[in-house]
$ cat model-v6.txt   # compact mmCIF, C-alpha atoms
# COMPACT_ATOMS: atom_id res chain seq x y z
CA MET A 256 -28.16 46.16 -50.74
CA LYS A 257 -29.93 42.83 -50.78
CA LYS A 258 -27.06 41.25 -48.83
CA GLU A 259 -27.47 43.58 -45.78
CA PRO A 260 -30.44 41.70 -44.17
CA GLY A 261 -28.49 38.44 -44.37
CA LYS A 262 -25.48 40.04 -42.71
CA LYS A 263 -27.67 41.43 -39.93
CA ILE A 264 -29.23 38.01 -39.30
CA THR A 265 -25.80 36.38 -39.14
CA LEU A 266 -24.54 39.08 -36.77
CA GLY A 267 -27.61 38.67 -34.59
CA ILE A 268 -27.06 34.90 -34.35
CA PHE A 269 -23.43 35.42 -33.25
CA VAL A 270 -24.50 38.01 -30.66
CA ILE A 271 -27.21 35.74 -29.24
CA ALA A 272 -24.81 32.77 -29.14
CA GLY A 273 -22.23 34.90 -27.33
CA ILE A 274 -24.79 36.06 -24.77
CA LEU A 275 -25.94 32.47 -24.14
CA LEU A 276 -22.35 31.29 -23.75
CA PHE A 277 -21.65 34.14 -21.31
CA ILE A 278 -24.74 33.33 -19.24
CA SER A 279 -23.86 29.62 -19.20
CA SER A 280 -20.32 30.40 -18.03
CA ILE A 281 -21.63 32.59 -15.23
CA TYR A 282 -24.08 29.88 -14.20
CA PHE A 283 -21.49 27.07 -14.08
CA VAL A 284 -18.92 29.23 -12.29
CA GLY A 285 -21.55 30.47 -9.84
CA GLN A 286 -22.77 26.94 -9.20
CA LYS A 287 -19.22 25.76 -8.52
CA GLN A 288 -18.68 28.65 -6.12
CA HIS A 289 -22.16 28.10 -4.56
CA MET A 290 -23.26 31.63 -5.48
CA PHE A 291 -26.85 30.53 -6.09
CA SER A 292 -27.32 28.38 -2.96
CA THR A 293 -27.28 28.89 0.81
CA THR A 294 -23.85 28.21 2.26
CA PHE A 295 -21.98 28.18 5.56
CA ARG A 296 -18.29 28.41 6.37
CA LEU A 297 -15.84 26.19 8.21
CA ARG A 298 -12.15 26.66 8.77
CA SER A 299 -9.16 24.58 9.76
CA SER A 300 -5.42 25.06 10.22
CA PHE A 301 -2.69 22.95 8.63
CA LYS A 302 1.07 22.89 9.04
CA ASP A 303 1.41 22.12 5.32
CA VAL A 304 -1.35 22.71 2.75
CA SER A 305 0.48 20.45 0.26
CA GLY A 306 -0.33 22.52 -2.83
CA LEU A 307 -3.98 23.20 -1.95
CA GLN A 308 -5.37 26.20 -3.88
CA VAL A 309 -8.32 28.55 -3.62
CA GLY A 310 -11.27 27.15 -5.56
CA ASN A 311 -10.39 23.50 -5.00
CA ASN A 312 -13.14 21.19 -3.85
CA VAL A 313 -14.21 20.27 -0.33
CA ARG A 314 -15.42 16.67 -0.20
CA PHE A 315 -17.72 14.97 2.29
CA SER A 316 -18.62 11.26 2.04
CA GLY A 317 -17.03 11.15 -1.40
CA ILE A 318 -19.19 14.00 -2.78
CA ASN A 319 -18.09 17.57 -3.51
CA PHE A 320 -20.15 19.84 -1.25
CA GLY A 321 -17.99 22.96 -1.15
CA THR A 322 -14.91 24.85 -2.25
CA ILE A 323 -11.84 26.45 -0.71
CA GLU A 324 -12.66 30.12 -0.15
CA SER A 325 -9.28 31.36 1.06
CA ILE A 326 -5.89 30.24 2.33
CA THR A 327 -4.15 32.53 4.83
CA LEU A 328 -0.65 32.08 6.22
CA ILE A 329 -0.89 32.53 9.99
CA THR A 330 2.70 31.74 11.04
CA ASP A 331 5.74 30.26 9.35
CA THR A 332 4.46 26.79 10.32
CA SER A 333 0.69 27.19 10.05
CA ALA A 334 -1.88 28.17 7.41
CA ARG A 335 -5.62 28.70 7.84
CA VAL A 336 -7.97 27.27 5.23
CA ASP A 337 -11.49 28.76 4.97
CA MET A 338 -14.09 26.51 3.33
CA MET A 339 -17.50 27.35 1.96
CA LEU A 340 -19.97 24.45 2.02
CA ASP A 341 -23.52 23.81 0.92
CA GLU A 342 -26.00 24.37 3.76
CA GLY A 343 -27.68 21.03 3.05
CA VAL A 344 -24.69 19.06 4.31
CA ARG A 345 -24.33 20.87 7.64
CA LYS A 346 -26.75 18.57 9.50
CA PHE A 347 -24.45 15.62 8.77
CA ILE A 348 -21.26 17.26 10.12
CA HIS A 349 -21.04 17.02 13.90
CA LYS A 350 -18.84 18.61 16.52
CA GLY A 351 -15.50 16.81 16.55
CA ALA A 352 -15.33 16.49 12.76
CA THR A 353 -11.87 16.66 11.21
CA ALA A 354 -10.43 17.98 7.97
CA THR A 355 -7.69 16.30 5.95
CA ILE A 356 -5.96 17.34 2.74
CA GLY A 357 -6.23 14.66 0.06
CA SER A 358 -6.11 14.52 -3.72
CA GLU A 359 -8.44 13.68 -6.58
CA GLY A 360 -6.71 10.52 -7.72
CA LEU A 361 -3.02 9.73 -7.39
CA MET A 362 -1.76 12.91 -9.06
CA GLY A 363 -4.99 15.00 -9.14
CA ASN A 364 -5.82 18.38 -7.64
CA LYS A 365 -5.62 18.75 -3.87
CA ILE A 366 -8.90 18.75 -1.96
CA VAL A 367 -10.07 18.96 1.65
CA VAL A 368 -11.85 15.86 2.95
CA VAL A 369 -14.21 16.46 5.88
CA THR A 370 -15.17 13.58 8.19
CA PRO A 371 -18.61 13.64 9.89
CA GLY A 372 -17.40 13.42 13.49
CA PRO A 373 -18.87 11.34 16.36
CA PRO A 374 -22.46 10.20 15.67
CA GLY A 375 -25.17 11.81 17.75
CA GLY A 376 -23.18 15.00 18.34
CA LYS A 377 -24.34 18.56 17.74
CA GLU A 378 -24.06 19.85 14.21
CA VAL A 379 -21.35 22.37 13.42
CA GLN A 380 -22.12 26.07 13.34
CA ASN A 381 -21.14 28.72 10.85
CA ASN A 382 -17.42 29.64 11.10
CA ASP A 383 -16.61 26.67 13.36
CA VAL A 384 -13.02 25.48 13.45
CA LEU A 385 -12.34 21.84 12.58
CA GLU A 386 -9.46 19.79 13.90
CA SER A 387 -6.98 18.90 11.17
CA SER A 388 -4.96 15.76 10.56
CA ALA A 389 -1.63 15.59 8.76
CA PRO A 390 -2.00 14.93 5.02
CA ILE A 391 -0.24 12.10 3.22
CA ASN A 392 2.94 13.51 1.73
CA MET A 393 3.51 12.04 -1.72
CA ASP A 394 7.14 13.18 -1.69
CA ASP A 395 7.79 11.00 1.38
CA ILE A 396 6.08 8.05 -0.33
CA PHE A 397 8.21 8.48 -3.45
CA LYS A 398 11.36 8.67 -1.31
CA LYS A 399 10.45 5.39 0.42
CA LEU A 400 9.70 3.79 -2.94
CA LYS A 401 13.12 4.90 -4.19
CA VAL A 402 14.83 3.39 -1.14
CA THR A 403 12.89 0.15 -1.69
CA ALA A 404 13.86 0.08 -5.36
CA ASP A 405 17.54 0.69 -4.48
CA ASN A 406 17.45 -2.14 -1.92
CA ALA A 407 15.85 -4.47 -4.46
CA ALA A 408 18.53 -3.61 -7.01
CA SER A 409 21.26 -4.27 -4.42
CA ILE A 410 19.73 -7.64 -3.49
CA THR A 411 19.49 -8.60 -7.16
CA THR A 412 23.14 -7.71 -7.69
CA ASN A 413 24.20 -9.77 -4.66
CA LEU A 414 22.17 -12.77 -5.85
CA SER A 415 23.77 -12.48 -9.27
CA ASP A 416 27.26 -12.48 -7.69
CA ILE A 417 26.37 -15.52 -5.56
CA MET A 418 25.10 -17.45 -8.58
CA ASP A 419 28.26 -16.55 -10.51
CA ASN A 420 30.41 -17.86 -7.64
CA ILE A 421 28.39 -21.08 -7.47
CA HIS A 422 28.65 -21.57 -11.22
CA SER A 423 32.42 -21.01 -11.12
CA GLY A 424 32.82 -23.42 -8.18
CA LYS A 425 33.90 -20.83 -5.61
CA GLY A 426 33.12 -21.31 -1.95
CA THR A 427 31.69 -24.32 -0.13
CA VAL A 428 28.36 -24.21 -1.92
CA GLY A 429 30.06 -23.78 -5.27
CA LYS A 430 32.26 -26.83 -4.65
CA LEU A 431 29.24 -28.79 -3.49
CA PHE A 432 27.43 -28.20 -6.77
CA MET A 433 30.24 -27.86 -9.30
CA ASP A 434 33.27 -29.84 -8.02
CA THR A 435 33.13 -33.37 -9.55
CA SER A 436 35.77 -34.76 -7.21
CA PHE A 437 33.70 -33.70 -4.21
CA ALA A 438 30.69 -35.46 -5.72
CA ASP A 439 32.78 -38.59 -6.35
CA ASN A 440 33.93 -38.60 -2.73
CA MET A 441 30.35 -38.33 -1.55
CA ASN A 442 29.34 -41.24 -3.76
CA GLN A 443 32.24 -43.35 -2.48
CA THR A 444 31.28 -42.54 1.11
CA LEU A 445 27.75 -43.77 0.48
CA VAL A 446 29.12 -46.96 -1.09
CA ASN A 447 31.32 -47.55 1.96
CA LEU A 448 28.37 -47.05 4.27
CA ARG A 449 26.33 -49.61 2.35
CA GLN A 450 29.22 -52.08 2.43
CA GLY A 451 29.75 -51.51 6.13
CA THR A 452 26.07 -52.09 6.85
CA GLY A 453 26.15 -55.31 4.84
CA GLY A 454 29.24 -56.53 6.68
CA PHE A 455 27.69 -55.76 10.04
CA LYS A 456 24.60 -57.80 9.08
CA GLN A 457 26.77 -60.73 8.06
CA ASN A 458 28.62 -60.57 11.37
CA MET A 459 25.37 -60.61 13.27
CA ASP A 460 24.11 -63.62 11.32
CA ALA A 461 27.38 -65.43 12.03
CA ALA A 462 27.09 -64.58 15.72
CA LYS A 463 23.66 -66.21 15.86
CA HIS A 464 25.13 -69.52 14.63
CA SER A 465 28.16 -69.33 16.91
CA PHE A 466 28.48 -72.14 19.47
CA LEU A 467 29.49 -69.70 22.18
CA LEU A 468 26.54 -67.35 21.71
CA ARG A 469 23.88 -69.87 20.74
CA GLY A 470 22.94 -70.68 24.34
CA PHE A 471 22.84 -67.02 25.29
CA LEU A 472 20.53 -66.16 22.36
CA LYS A 473 18.24 -69.10 23.19
CA ASP A 474 17.91 -67.92 26.82
CA LYS A 475 17.07 -64.42 25.63
CA LYS A 476 14.42 -65.84 23.28
CA LYS A 477 12.87 -67.93 26.11
CA ASP A 478 12.74 -64.90 28.40
CA LYS A 479 11.04 -62.92 25.69
CA ASN A 480 8.41 -65.65 25.12
CA LYS A 481 7.73 -65.83 28.86
CA ASP A 482 7.11 -62.09 28.97
CA LYS A 483 4.59 -62.44 26.12
CA ASP A 484 2.79 -65.29 27.91
CA LYS A 485 2.46 -63.22 31.06
CA GLU A 486 0.89 -60.40 29.08
$ encode --input "model-v6.txt" --output "structure tokens"
Amino acid sequence: MKKEPGKKITLGIFVIAGILLFISSIYFVGQKQHMFSTTFRLRSSFKDVSGLQVGNNVRFSGINFGTIESITLITDTSARVDMMLDEGVRKFIHKGATATIGSEGLMGNKIVVVTPGPPGGKEVQNNDVLESSAPINMDDIFKKLKVTADNAASITTNLSDIMDNIHSGKGTVGKLFMDTSFADNMNQTLVNLRQGTGGFKQNMDAAKHSFLLRGFLKDKKKDKNKDKDKE
């Protein structure tokens, strides 16, 4: 019998804790759904909602100011998205504002991003329709990345084949780098050029001392000196 008061106290603590947890849950859910604040509604139409769901956030200037209230399929190529926003942000959203579907991070939940519109315009009214812009499709991005990766792999394979051919001495470039006889011929050609240049210099020196050309060279030298004196 003495244990009954202790059991009642323990039961009462569990009941009170459960009630507090229930109230806290209602408060947080209600706050997220703006049940305890003044709200207004906006709507927009999209060709593709890209996985957007009811209850997802509506973001303005990087801050969550609303939630997605409903998503209704209008036609086979169009869906209407109704948004519920905090009344305090309405004065910053002007006529001509647009709505875009984005995501919270690279792979996060989908959200609607609202732009403010032209500055100085009239503020939006309840149930106004916003223009929409096409969302970024991650599937298209991944497809392009795959094509880029495939092209990079193909280029790497081709470069590997080219280097193998060069190393094995195939082709003109391969012979240029790997064929020793080709290198020897190039060296011999350079030697011949040097020898030819030296022989030409010797011939010119001999021509200067030649009896037949000596007078001609002297006349050319005199003419050159005269031109300098005139200057």
$ closest_residue --input "model-v6.txt" --among "A:Val446, A:Ile271, A:Ile356, A:Ile348" --to "Lys302 of chain A" --atoms "all atoms listed in the file"
A:Ile356
$ atom_distance --input "model-v6.txt" --atom1 "atom CA of Thr353 of chain A" --atom2 "atom CA of Arg335 of chain A"
14.0 Å
$ atom_distance --input "model-v6.txt" --atom1 "atom CA of Phe295 of chain A" --atom2 "atom CA of Leu340 of chain A"
5.5 Å
$ atom_distance --input "model-v6.txt" --atom1 "atom CA of Ser388 of chain A" --atom2 "atom CA of Ala334 of chain A"
13.2 Å
